[in-house]
$ cat input_0.txt   # compact mmCIF, C-alpha atoms
# COMPACT_ATOMS: atom_id res chain seq x y z
CA MET A 1 -36.99 -6.18 84.97
CA PRO A 2 -38.49 -7.53 81.73
CA GLU A 3 -37.06 -10.73 80.30
CA LYS A 4 -34.50 -10.13 77.53
CA ILE A 5 -34.61 -12.47 74.55
CA LEU A 6 -32.16 -12.69 71.65
CA ILE A 7 -33.00 -14.26 68.28
CA ILE A 8 -30.12 -14.91 65.86
CA GLN A 9 -31.13 -15.00 62.18
CA THR A 10 -28.23 -14.07 59.88
CA ALA A 11 -29.38 -16.09 56.86
CA PHE A 12 -30.48 -14.77 53.46
CA LEU A 13 -33.08 -12.03 53.03
CA GLY A 14 -35.91 -14.46 52.27
CA ASP A 15 -35.16 -16.46 55.42
CA LEU A 16 -35.26 -13.28 57.49
CA VAL A 17 -38.63 -12.27 56.03
CA LEU A 18 -40.07 -15.72 56.81
CA SER A 19 -38.65 -15.49 60.35
CA THR A 20 -40.80 -12.45 61.15
CA SER A 21 -43.71 -14.79 61.89
CA PHE A 22 -41.46 -16.44 64.48
CA PHE A 23 -40.45 -13.07 65.94
CA HIS A 24 -44.14 -12.26 66.32
CA ALA A 25 -44.83 -15.60 68.00
CA VAL A 26 -41.95 -15.09 70.46
CA LYS A 27 -43.27 -11.65 71.37
CA MET A 28 -46.82 -12.95 71.84
CA GLU A 29 -45.53 -15.72 74.13
CA HIS A 30 -43.33 -13.29 76.09
CA ILE A 31 -45.49 -10.20 75.88
CA GLU A 32 -43.60 -8.14 78.47
CA SER A 33 -40.15 -9.07 77.22
CA GLU A 34 -37.55 -7.23 75.16
CA VAL A 35 -36.95 -9.05 71.87
CA HIS A 36 -33.59 -8.38 70.19
CA VAL A 37 -32.68 -9.79 66.77
CA VAL A 38 -29.27 -10.32 65.14
CA VAL A 39 -29.39 -10.08 61.34
CA ASN A 40 -26.95 -9.95 58.45
CA LEU A 41 -25.92 -6.38 57.66
CA GLY A 42 -27.87 -5.11 54.64
CA THR A 43 -31.10 -6.98 55.39
CA GLU A 44 -32.16 -5.01 58.46
CA SER A 45 -34.50 -2.55 56.71
CA VAL A 46 -37.20 -5.22 56.32
CA LEU A 47 -37.56 -5.11 60.12
CA ASP A 48 -38.15 -1.35 60.30
CA ASN A 49 -41.26 -0.40 62.28
CA ASN A 50 -41.77 -3.97 63.46
CA PRO A 51 -43.55 -3.65 66.85
CA ASP A 52 -42.43 -7.13 67.93
CA ILE A 53 -38.75 -6.15 67.98
CA THR A 54 -37.02 -4.00 70.60
CA LYS A 55 -33.62 -3.76 68.90
CA VAL A 56 -31.92 -5.02 65.74
CA TRP A 57 -28.21 -5.92 65.82
CA CYS A 58 -26.43 -6.00 62.44
CA LEU A 59 -23.59 -8.47 61.93
CA ASP A 60 -21.16 -7.55 59.15
CA LYS A 61 -20.16 -11.03 57.95
CA LYS A 62 -17.65 -9.70 55.43
CA ARG A 63 -15.87 -7.68 58.10
CA ILE A 64 -15.64 -10.45 60.68
CA LYS A 65 -14.25 -12.87 58.08
CA LYS A 66 -11.39 -10.46 57.48
CA ASN A 67 -11.03 -9.45 61.12
CA PRO A 68 -11.82 -12.08 63.81
CA PHE A 69 -11.36 -9.44 66.50
CA ALA A 70 -14.43 -7.65 65.14
CA PHE A 71 -16.44 -10.83 65.77
CA PHE A 72 -15.35 -11.02 69.39
CA HIS A 73 -16.08 -7.32 69.85
CA PHE A 74 -19.60 -7.92 68.54
CA ILE A 75 -20.05 -10.87 70.93
CA LYS A 76 -18.80 -8.77 73.85
CA LYS A 77 -21.47 -6.15 73.19
CA LEU A 78 -24.18 -8.82 73.11
CA LYS A 79 -22.89 -10.37 76.34
CA MET A 80 -23.22 -7.01 78.09
CA GLU A 81 -26.97 -7.09 77.40
CA LYS A 82 -27.32 -10.06 79.79
CA PHE A 83 -29.91 -11.95 77.77
CA ASP A 84 -32.07 -14.46 79.61
CA LYS A 85 -32.87 -16.61 76.60
CA VAL A 86 -31.54 -17.13 73.06
CA TYR A 87 -33.33 -18.67 70.07
CA ALA A 88 -31.13 -19.72 67.15
CA PRO A 89 -33.19 -20.17 63.96
CA HIS A 90 -29.98 -20.00 61.93
CA PHE A 91 -27.97 -23.20 62.24
CA SER A 92 -24.42 -22.16 61.40
CA TYR A 93 -21.39 -22.74 63.61
CA ARG A 94 -21.12 -18.97 64.04
CA THR A 95 -24.69 -18.71 65.32
CA SER A 96 -24.07 -21.40 67.95
CA LEU A 97 -20.94 -19.56 69.08
CA ILE A 98 -22.78 -16.25 69.37
CA SER A 99 -25.52 -17.97 71.36
CA PHE A 100 -23.05 -19.62 73.73
CA PHE A 101 -20.98 -16.50 74.40
CA THR A 102 -24.04 -14.46 75.38
CA ARG A 103 -24.01 -16.65 78.52
CA ALA A 104 -27.81 -16.77 78.49
CA LYS A 105 -29.07 -19.56 80.75
CA ILE A 106 -31.47 -20.86 78.09
CA ARG A 107 -30.16 -21.31 74.54
CA ILE A 108 -32.49 -23.08 72.11
CA GLY A 109 -31.32 -24.31 68.70
CA TYR A 110 -31.50 -27.19 66.24
CA LYS A 111 -29.92 -30.62 66.67
CA GLU A 112 -28.53 -30.26 63.16
CA SER A 113 -26.76 -26.96 63.97
CA GLY A 114 -23.02 -26.60 63.78
CA PHE A 115 -21.65 -26.87 67.34
CA SER A 116 -25.15 -27.83 68.49
CA PHE A 117 -23.71 -28.99 71.84
CA LEU A 118 -23.40 -25.29 72.76
CA HIS A 119 -27.18 -24.98 73.05
CA THR A 120 -29.02 -25.96 76.25
CA LYS A 121 -32.09 -27.30 74.39
CA LEU A 122 -32.12 -28.98 70.98
CA VAL A 123 -35.00 -29.34 68.54
CA PRO A 124 -34.93 -31.52 65.40
CA ARG A 125 -34.97 -29.71 62.05
CA PRO A 126 -35.87 -32.07 59.19
CA LYS A 127 -34.43 -31.02 55.84
CA GLN A 128 -37.63 -31.89 53.98
CA GLY A 129 -41.31 -31.98 54.88
CA PRO A 130 -42.47 -29.14 57.14
CA HIS A 131 -42.64 -25.58 55.89
CA GLU A 132 -39.88 -23.33 57.18
CA VAL A 133 -42.31 -21.53 59.50
CA GLU A 134 -43.12 -24.86 61.18
CA LYS A 135 -39.40 -25.52 61.63
CA LEU A 136 -39.12 -22.10 63.27
CA PHE A 137 -42.18 -22.59 65.47
CA ALA A 138 -40.69 -25.88 66.70
CA LEU A 139 -38.14 -23.82 68.64
CA LEU A 140 -40.98 -22.30 70.65
CA PHE A 141 -44.02 -24.61 70.59
CA GLU A 142 -45.06 -28.23 70.56
CA PRO A 143 -46.51 -29.11 67.13
CA TYR A 144 -50.10 -29.09 68.41
CA ASP A 145 -49.63 -25.44 69.47
CA PHE A 146 -48.21 -24.09 66.19
CA PRO A 147 -49.83 -20.79 65.13
CA THR A 148 -52.24 -21.01 62.20
CA GLY A 149 -53.85 -18.69 59.67
CA ARG A 150 -52.51 -15.15 59.49
CA GLU A 151 -49.90 -15.85 62.17
CA ARG A 152 -48.04 -18.25 59.83
CA ARG A 153 -47.35 -15.50 57.31
CA PRO A 154 -44.54 -12.93 57.56
CA TYR A 155 -45.02 -9.52 59.16
CA LEU A 156 -43.72 -6.50 57.23
CA PHE A 157 -44.49 -2.88 58.01
CA PRO A 158 -43.99 -0.32 55.23
CA THR A 159 -44.50 3.30 56.32
CA LYS A 160 -46.62 6.13 54.94
CA GLU A 161 -43.45 7.44 53.30
CA GLU A 162 -43.10 4.27 51.17
CA GLU A 163 -46.82 4.25 50.45
CA SER A 164 -46.68 7.87 49.30
CA SER A 165 -43.66 7.14 47.11
CA PHE A 166 -45.52 4.17 45.63
CA GLU A 167 -48.61 6.24 44.78
CA THR A 168 -46.53 8.95 43.13
CA LYS A 169 -44.45 6.55 41.05
CA LYS A 170 -47.46 4.40 40.16
CA ALA A 171 -49.36 7.44 38.84
CA LYS A 172 -46.42 8.33 36.57
CA LEU A 173 -45.74 4.81 35.30
CA ILE A 174 -49.11 3.11 34.88
CA LYS A 175 -51.51 4.59 32.37
CA ASN A 176 -54.59 2.40 32.87
CA GLU A 177 -56.82 1.23 35.71
CA PHE A 178 -56.33 -2.53 35.27
CA GLY A 179 -53.58 -2.90 37.85
CA TYR A 180 -50.23 -4.57 37.40
CA ILE A 181 -48.53 -7.96 37.58
CA LEU A 182 -44.99 -8.26 38.92
CA ILE A 183 -42.32 -10.50 37.41
CA ALA A 184 -39.24 -11.39 39.52
CA PRO A 185 -36.92 -13.16 37.04
CA SER A 186 -33.80 -13.42 39.19
CA SER A 187 -32.36 -15.45 42.05
CA LEU A 188 -29.04 -15.45 43.86
CA TRP A 189 -28.41 -18.96 42.45
CA GLU A 190 -28.31 -19.49 38.68
CA THR A 191 -29.98 -22.92 38.77
CA LYS A 192 -33.02 -21.36 40.47
CA ARG A 193 -33.50 -18.92 37.57
CA MET A 194 -35.87 -19.75 34.75
CA PRO A 195 -34.22 -18.62 31.48
CA GLU A 196 -35.15 -15.15 30.25
CA GLU A 197 -36.62 -16.63 27.06
CA LYS A 198 -39.26 -18.44 29.13
CA PHE A 199 -40.14 -15.25 31.01
CA VAL A 200 -40.44 -13.41 27.68
CA SER A 201 -42.98 -15.98 26.50
CA VAL A 202 -45.02 -15.56 29.70
CA ILE A 203 -44.85 -11.75 29.50
CA THR A 204 -45.95 -11.79 25.86
CA GLN A 205 -49.00 -13.87 26.71
CA ILE A 206 -49.97 -11.47 29.50
CA LEU A 207 -49.59 -8.41 27.27
CA ARG A 208 -51.58 -9.98 24.43
CA LYS A 209 -54.34 -11.68 26.44
CA ARG A 210 -54.78 -9.47 29.52
CA GLU A 211 -55.04 -5.75 30.31
CA GLU A 212 -52.65 -5.35 33.24
CA THR A 213 -49.29 -3.62 33.12
CA VAL A 214 -46.33 -5.98 33.57
CA ILE A 215 -43.48 -4.77 35.78
CA LEU A 216 -40.07 -6.41 36.26
CA ILE A 217 -38.60 -6.20 39.77
CA GLY A 218 -35.15 -6.92 41.17
CA SER A 219 -32.00 -5.33 42.53
CA LYS A 220 -29.32 -3.40 40.64
CA ALA A 221 -27.45 -6.70 40.30
CA ASP A 222 -30.30 -7.93 38.08
CA THR A 223 -29.92 -5.20 35.46
CA SER A 224 -28.35 -7.58 32.94
CA ILE A 225 -31.34 -9.93 33.26
CA GLN A 226 -33.70 -7.00 32.72
CA ASN A 227 -31.75 -5.85 29.66
CA HIS A 228 -31.76 -9.33 28.14
CA ILE A 229 -35.53 -9.60 28.58
CA PHE A 230 -36.07 -6.21 26.90
CA ARG A 231 -33.80 -7.20 23.99
CA LEU A 232 -35.71 -10.44 23.48
CA MET A 233 -39.06 -8.66 23.73
CA LYS A 234 -38.18 -6.60 20.63
CA THR A 235 -38.74 -9.65 18.42
CA GLU A 236 -42.11 -10.58 19.95
CA PRO A 237 -45.21 -9.97 17.76
CA LEU A 238 -46.83 -7.24 19.86
CA GLU A 239 -48.67 -4.03 19.06
CA LEU A 240 -47.21 -0.77 20.31
CA LYS A 241 -49.96 -0.32 22.93
CA GLU A 242 -49.11 -3.79 24.25
CA ARG A 243 -45.37 -3.12 24.39
CA GLU A 244 -45.99 0.08 26.34
CA ARG A 245 -47.43 -1.98 29.19
CA LEU A 246 -44.07 -3.63 29.95
CA LEU A 247 -42.11 -1.63 32.51
CA SER A 248 -39.22 -2.20 34.91
CA LEU A 249 -38.43 -1.21 38.48
CA VAL A 250 -35.22 -3.26 38.58
CA GLY A 251 -32.71 -1.45 40.76
CA GLN A 252 -35.14 1.42 41.37
CA THR A 253 -36.73 0.52 44.71
CA SER A 254 -35.53 0.08 48.25
CA LEU A 255 -36.61 -3.09 50.06
CA LYS A 256 -39.32 -1.13 51.87
CA GLU A 257 -40.60 0.41 48.63
CA LEU A 258 -40.63 -3.03 47.06
CA MET A 259 -42.88 -4.21 49.89
CA VAL A 260 -45.57 -1.73 48.84
CA TRP A 261 -45.33 -2.64 45.16
CA ILE A 262 -45.77 -6.31 46.02
CA GLN A 263 -48.54 -5.52 48.51
CA ASN A 264 -50.62 -3.79 45.82
CA ALA A 265 -49.91 -6.12 42.89
CA LYS A 266 -52.62 -8.23 41.31
CA ALA A 267 -50.16 -11.13 41.29
CA LEU A 268 -46.48 -12.06 41.36
CA ILE A 269 -44.59 -14.53 39.17
CA SER A 270 -41.22 -15.47 40.65
CA ASN A 271 -38.50 -18.08 40.86
CA ASP A 272 -37.83 -19.64 44.28
CA SER A 273 -36.51 -16.40 45.76
CA SER A 274 -37.23 -13.72 48.39
CA PRO A 275 -40.07 -11.89 46.52
CA ILE A 276 -42.18 -14.99 47.23
CA HIS A 277 -41.92 -14.33 50.97
CA PHE A 278 -42.66 -10.62 50.58
CA ALA A 279 -45.82 -11.64 48.72
CA SER A 280 -46.74 -14.09 51.49
CA ALA A 281 -46.66 -11.22 54.01
CA PHE A 282 -49.38 -9.41 52.09
CA ASN A 283 -51.25 -12.49 50.82
CA THR A 284 -50.54 -11.46 47.22
CA PRO A 285 -51.51 -14.15 44.67
CA THR A 286 -48.33 -15.90 43.59
CA VAL A 287 -47.04 -18.20 40.85
CA MET A 288 -43.79 -19.84 41.94
CA VAL A 289 -41.38 -21.49 39.46
CA TYR A 290 -39.09 -24.19 40.87
CA GLY A 291 -35.88 -25.42 39.27
CA ALA A 292 -33.01 -26.95 41.24
CA THR A 293 -34.86 -26.81 44.56
CA ILE A 294 -38.16 -28.42 45.59
CA PRO A 295 -41.21 -27.31 47.62
CA ALA A 296 -40.48 -30.00 50.22
CA PHE A 297 -37.56 -27.89 51.46
CA GLY A 298 -40.23 -25.69 53.03
CA TYR A 299 -39.87 -22.32 51.34
CA SER A 300 -42.98 -22.22 49.17
CA SER A 301 -45.57 -19.46 49.10
CA LEU A 302 -47.85 -18.92 52.10
CA SER A 303 -50.32 -16.79 50.15
CA ASP A 304 -53.82 -18.23 50.09
CA LYS A 305 -53.86 -18.09 46.28
CA HIS A 306 -50.73 -19.62 44.81
CA ARG A 307 -49.54 -22.14 42.26
CA ILE A 308 -46.27 -24.06 42.06
CA LEU A 309 -44.70 -24.94 38.72
CA GLU A 310 -42.03 -27.64 38.65
CA VAL A 311 -40.79 -30.28 36.22
CA ASN A 312 -41.55 -33.65 37.77
CA GLY A 313 -39.86 -36.95 37.04
CA LEU A 314 -36.28 -35.70 37.19
CA GLY A 315 -34.17 -37.93 39.43
CA CYS A 316 -31.57 -35.17 39.79
CA ARG A 317 -33.89 -32.81 41.69
CA PRO A 318 -33.09 -31.40 44.13
CA CYS A 319 -29.42 -30.86 43.35
CA GLY A 320 -28.79 -28.76 46.47
CA ILE A 321 -30.53 -26.91 49.27
CA HIS A 322 -29.87 -23.56 47.55
CA GLY A 323 -29.36 -24.70 43.97
CA GLY A 324 -25.99 -23.91 42.41
CA ARG A 325 -24.13 -22.01 39.74
CA VAL A 326 -24.47 -24.61 36.97
CA CYS A 327 -26.57 -27.73 36.41
CA PRO A 328 -24.54 -30.71 37.71
CA GLU A 329 -26.04 -32.93 35.00
CA GLY A 330 -25.41 -30.45 32.21
CA HIS A 331 -28.99 -30.43 30.86
CA PHE A 332 -30.85 -27.95 33.14
CA ARG A 333 -34.16 -29.63 32.29
CA CYS A 334 -35.72 -28.48 35.56
CA MET A 335 -36.00 -25.02 34.00
CA LEU A 336 -35.62 -25.61 30.26
CA ASP A 337 -38.67 -27.92 30.33
CA GLN A 338 -40.87 -25.35 32.09
CA ASN A 339 -44.03 -24.61 30.10
CA PRO A 340 -44.75 -20.86 29.70
CA VAL A 341 -48.34 -21.60 28.65
CA ARG A 342 -48.96 -23.46 31.90
CA ILE A 343 -47.34 -20.61 33.85
CA PHE A 344 -49.71 -18.14 32.21
CA GLU A 345 -52.68 -20.41 32.92
CA SER A 346 -51.60 -20.63 36.56
CA LEU A 347 -51.44 -16.84 36.71
CA GLU A 348 -55.00 -16.61 35.45
CA GLU A 349 -56.08 -19.21 38.02
CA VAL A 350 -54.68 -17.31 41.02
CA ILE A 351 -56.14 -14.01 39.81
CA LYS A 352 -59.60 -15.45 39.21
CA SER A 353 -59.80 -17.80 42.19

$ encode --input "input_0.txt" --output "structure tokens"
Amino acid sequence: MPEKILIIQTAFLGDLVLSTSFFHAVKMEHIESEVHVVVNLGTESVLDNNPDITKVWCLDKKRIKKNPFAFFHFIKKLKMEKFDKVYAPHFSYRTSLISFFTRAKIRIGYKESGFSFLHTKLVPRPKQGPHEVEKLFALLFEPYDFPTGRERRPYLFPTKEEESSFETKKAKLIKNEFGYILIAPSSLWETKRMPEEKFVSVITQILRKREETVILIGSKADTSIQNHIFRLMKTEPLELKERERLLSLVGQTSLKELMVWIQNAKALISNDSSPIHFASAFNTPTVMVYGATIPAFGYSSLSDKHRILEVNGLGCRPCGIHGGRVCPEGHFRCMLDQNPVRIFESLEEVIKS
């Protein structure tokens, strides 16, 4: 019988996308094995059509918080699979418990994990320094064996259906042949969001100085950010033909459709958020704006052409691994001091380079 391997990654969407390079590495190292992955319910579509994965298990975190019996039912189903080995890239207490209760003989996780004693092999996970993909690879390889090049970047697999939808929508929306630039102005955490006024300044420069269409992207939850940007744009000194090149797909694409839009973009400008990792999968040129967090946490772009914009010299950065709801110091200089001119210049650099 083939070896059965379980990988538990129930973190945020961006973490899951980055983990696909690890899933690929596990499959390449265990080529005849079955590779199963546990993910947070609602993120699973980014793994559709992934040839490295045999089965995806969806954990409904909201449900198990309300009903502990649902958690134990989920664990029971995993245990019945009789996994030989478990990798735990996520380092929560819950992940360690899931790993332990599978009763797999080999259970590999991080020393810094909650309930780390439940793993059979522990690997250090430094908070700063290595990129997240190196932290993931450490569960499988010695540092001198880490994959390089293309194998460091995420693996996403949109289908012909998404590609066809993209071509149809693109033909209706975009009226010129100069391509488009994507702007992702949101983030789950407020202190990782550059203010809309700064994005408006960047967008205005693109519309006045370049020929591409500018398209906002995001989920339905980002509609208020989109609306604020469009309200502010009304006061910008632009000609009608320039204004017509600002569009929005906020709340209008599935995750798989978004993949194709990012894949075919000339460039992406984004806060420290999941669109960065989608762009890394397709090597799309990227400009990444950092606020409360820092590149040393290991979540920066893996695209060959990228630039990082951050305000240096602030002793308060980073103020948390994920950022937060409000600036702890009350000044929010990490974003308010961002320079839109420099962001535009960085965009031109990644497009030309």

$ residues_around --input "input_0.txt" --residues "Cys316 of chain A" --least-positions-apart "2" --cutoff "10 Å" --atoms "only C-alpha atoms" --output "list in words"
Ala292, Gly313, Leu314, Pro318, Cys319, Gly320, Cys327, Pro328, Glu329, Phe332, Arg333 and Cys334 of chain A

$ residues_around --input "input_0.txt" --residues "Ser270 of chain A" --least-positions-apart "6" --cutoff "7 Å" --atoms "all atoms listed in the file" --output "list in words"
Ile183, Ala184, Pro185, Ile276, Val287, Met288 and Val289 of chain A

$ residues_around --input "input_0.txt" --residues "segment 240-247 of chain A" --least-positions-apart "5" --cutoff "12 Å" --atoms "only C-alpha atoms" --output "PyMOL selection string"
chain A and resi 170+172-183+200+202-217+226-227+229-230+233-235+252

$ residues_around --input "input_0.txt" --residues "Gly149 of chain A" --least-positions-apart "3" --cutoff "12 Å" --atoms "all atoms listed in the file" --output "PDB file with C-alpha atoms, in the frame of the given file"
ATOM      1  CA  SER A  21     -43.710 -14.790  61.890  1.00  0.00           C
ATOM      2  CA  VAL A 133     -42.310 -21.530  59.500  1.00  0.00           C
ATOM      3  CA  PHE A 146     -48.210 -24.090  66.190  1.00  0.00           C
ATOM      4  CA  ARG A 152     -48.040 -18.250  59.830  1.00  0.00           C
ATOM      5  CA  ARG A 153     -47.350 -15.500  57.310  1.00  0.00           C
ATOM      6  CA  PRO A 154     -44.540 -12.930  57.560  1.00  0.00           C
ATOM      7  CA  SER A 280     -46.740 -14.090  51.490  1.00  0.00           C
ATOM      8  CA  ALA A 281     -46.660 -11.220  54.010  1.00  0.00           C
ATOM      9  CA  ASN A 283     -51.250 -12.490  50.820  1.00  0.00           C
ATOM     10  CA  LEU A 302     -47.850 -18.920  52.100  1.00  0.00           C
ATOM     11  CA  SER A 303     -50.320 -16.790  50.150  1.00  0.00           C
ATOM     12  CA  ASP A 304     -53.820 -18.230  50.090  1.00  0.00           C
TER      13      ASP A 304
END

$ residues_around --input "input_0.txt" --residues "Asp84 of chain A" --least-positions-apart "2" --cutoff "8 Å" --atoms "only C-alpha atoms" --output "ChimeraX atom specification"
/A:3-5,82,86,104-106

$ closest_residue --input "input_0.txt" --among "A:Phe74, A:Phe141, A:Phe12, A:Trp261" --to "His90 of chain A" --atoms "all atoms listed in the file"
A:Phe12

$ atom_distance --input "input_0.txt" --atom1 "atom CA of Lys121 of chain A" --atom2 "atom CA of Ala70 of chain A"
28.0 Å

$ atom_distance --input "input_0.txt" --atom1 "atom CA of Val17 of chain A" --atom2 "atom CA of Ser301 of chain A"
12.2 Å

$ residues_near_point --input "input_0.txt" --point "(-27.1, -13.1, 54.2)" --cutoff "7 Å" --atoms "all atoms listed in the file" --output "ChimeraX atom specification"
/A:10-13,40

$ write_last_selection --input "input_0.txt" --atoms "C-alpha atoms" --output "short mmCIF file (atom, residue, chain, number, x, y, z; two decimals), in the frame of the given file"
data_model
loop_
_atom_site.label_atom_id
_atom_site.label_comp_id
_atom_site.auth_asym_id
_atom_site.auth_seq_id
_atom_site.Cartn_x
_atom_site.Cartn_y
_atom_site.Cartn_z
CA THR A 10 -28.23 -14.07 59.88
CA ALA A 11 -29.38 -16.09 56.86
CA PHE A 12 -30.48 -14.77 53.46
CA LEU A 13 -33.08 -12.03 53.03
CA ASN A 40 -26.95 -9.95 58.45
#

$ atom_distance --input "input_0.txt" --atom1 "atom CA of Leu136 of chain A" --atom2 "atom CA of Pro89 of chain A"
6.3 Å

$ decode --input "input_0.txt" --residues "segment 235-278 of chain A" --atoms "C-alpha atoms" --output "PDB file, in the first residue's frame"
ATOM      1  CA  THR A 235     -11.656  65.267  -6.946  1.00  0.00           C
ATOM      2  CA  GLU A 236      -8.481  64.219  -8.787  1.00  0.00           C
ATOM      3  CA  PRO A 237      -7.468  66.362 -11.813  1.00  0.00           C
ATOM      4  CA  LEU A 238      -7.979  63.744 -14.523  1.00  0.00           C
ATOM      5  CA  GLU A 239      -9.362  63.811 -18.044  1.00  0.00           C
ATOM      6  CA  LEU A 240     -12.412  61.698 -18.819  1.00  0.00           C
ATOM      7  CA  LYS A 241     -10.403  59.218 -20.910  1.00  0.00           C
ATOM      8  CA  GLU A 242      -8.070  58.764 -17.928  1.00  0.00           C
ATOM      9  CA  ARG A 243     -10.905  58.246 -15.453  1.00  0.00           C
ATOM     10  CA  GLU A 244     -12.424  55.593 -17.702  1.00  0.00           C
ATOM     11  CA  ARG A 245      -9.332  53.441 -17.194  1.00  0.00           C
ATOM     12  CA  LEU A 246     -10.071  52.924 -13.484  1.00  0.00           C
ATOM     13  CA  LEU A 247     -12.200  49.832 -12.923  1.00  0.00           C
ATOM     14  CA  SER A 248     -13.061  47.493 -10.053  1.00  0.00           C
ATOM     15  CA  LEU A 249     -13.468  43.748  -9.644  1.00  0.00           C
ATOM     16  CA  VAL A 250     -13.961  43.982  -5.879  1.00  0.00           C
ATOM     17  CA  GLY A 251     -16.387  41.270  -4.817  1.00  0.00           C
ATOM     18  CA  GLN A 252     -16.826  40.104  -8.422  1.00  0.00           C
ATOM     19  CA  THR A 253     -14.379  37.198  -8.693  1.00  0.00           C
ATOM     20  CA  SER A 254     -14.004  33.815  -7.081  1.00  0.00           C
ATOM     21  CA  LEU A 255     -10.565  32.926  -5.717  1.00  0.00           C
ATOM     22  CA  LYS A 256      -9.874  30.842  -8.824  1.00  0.00           C
ATOM     23  CA  GLU A 257     -10.950  33.663 -11.151  1.00  0.00           C
ATOM     24  CA  LEU A 258      -8.747  36.049  -9.203  1.00  0.00           C
ATOM     25  CA  MET A 259      -5.801  33.733  -9.871  1.00  0.00           C
ATOM     26  CA  VAL A 260      -6.167  34.282 -13.619  1.00  0.00           C
ATOM     27  CA  TRP A 261      -6.497  38.052 -13.297  1.00  0.00           C
ATOM     28  CA  ILE A 262      -3.310  38.168 -11.235  1.00  0.00           C
ATOM     29  CA  GLN A 263      -1.564  35.725 -13.577  1.00  0.00           C
ATOM     30  CA  ASN A 264      -2.140  38.012 -16.581  1.00  0.00           C
ATOM     31  CA  ALA A 265      -1.543  41.387 -14.913  1.00  0.00           C
ATOM     32  CA  LYS A 266       1.362  43.606 -15.868  1.00  0.00           C
ATOM     33  CA  ALA A 267       1.942  44.207 -12.158  1.00  0.00           C
ATOM     34  CA  LEU A 268       0.311  44.166  -8.736  1.00  0.00           C
ATOM     35  CA  ILE A 269       0.434  46.790  -5.983  1.00  0.00           C
ATOM     36  CA  SER A 270      -0.669  45.401  -2.621  1.00  0.00           C
ATOM     37  CA  ASN A 271      -0.417  45.697   1.130  1.00  0.00           C
ATOM     38  CA  ASP A 272       1.095  42.751   3.030  1.00  0.00           C
ATOM     39  CA  SER A 273      -1.794  40.423   2.185  1.00  0.00           C
ATOM     40  CA  SER A 274      -2.711  37.254   0.265  1.00  0.00           C
ATOM     41  CA  PRO A 275      -2.689  38.764  -3.286  1.00  0.00           C
ATOM     42  CA  ILE A 276       1.104  38.978  -2.891  1.00  0.00           C
ATOM     43  CA  HIS A 277       1.306  35.189  -2.669  1.00  0.00           C
ATOM     44  CA  PHE A 278      -1.052  34.669  -5.606  1.00  0.00           C
TER      45      PHE A 278
END
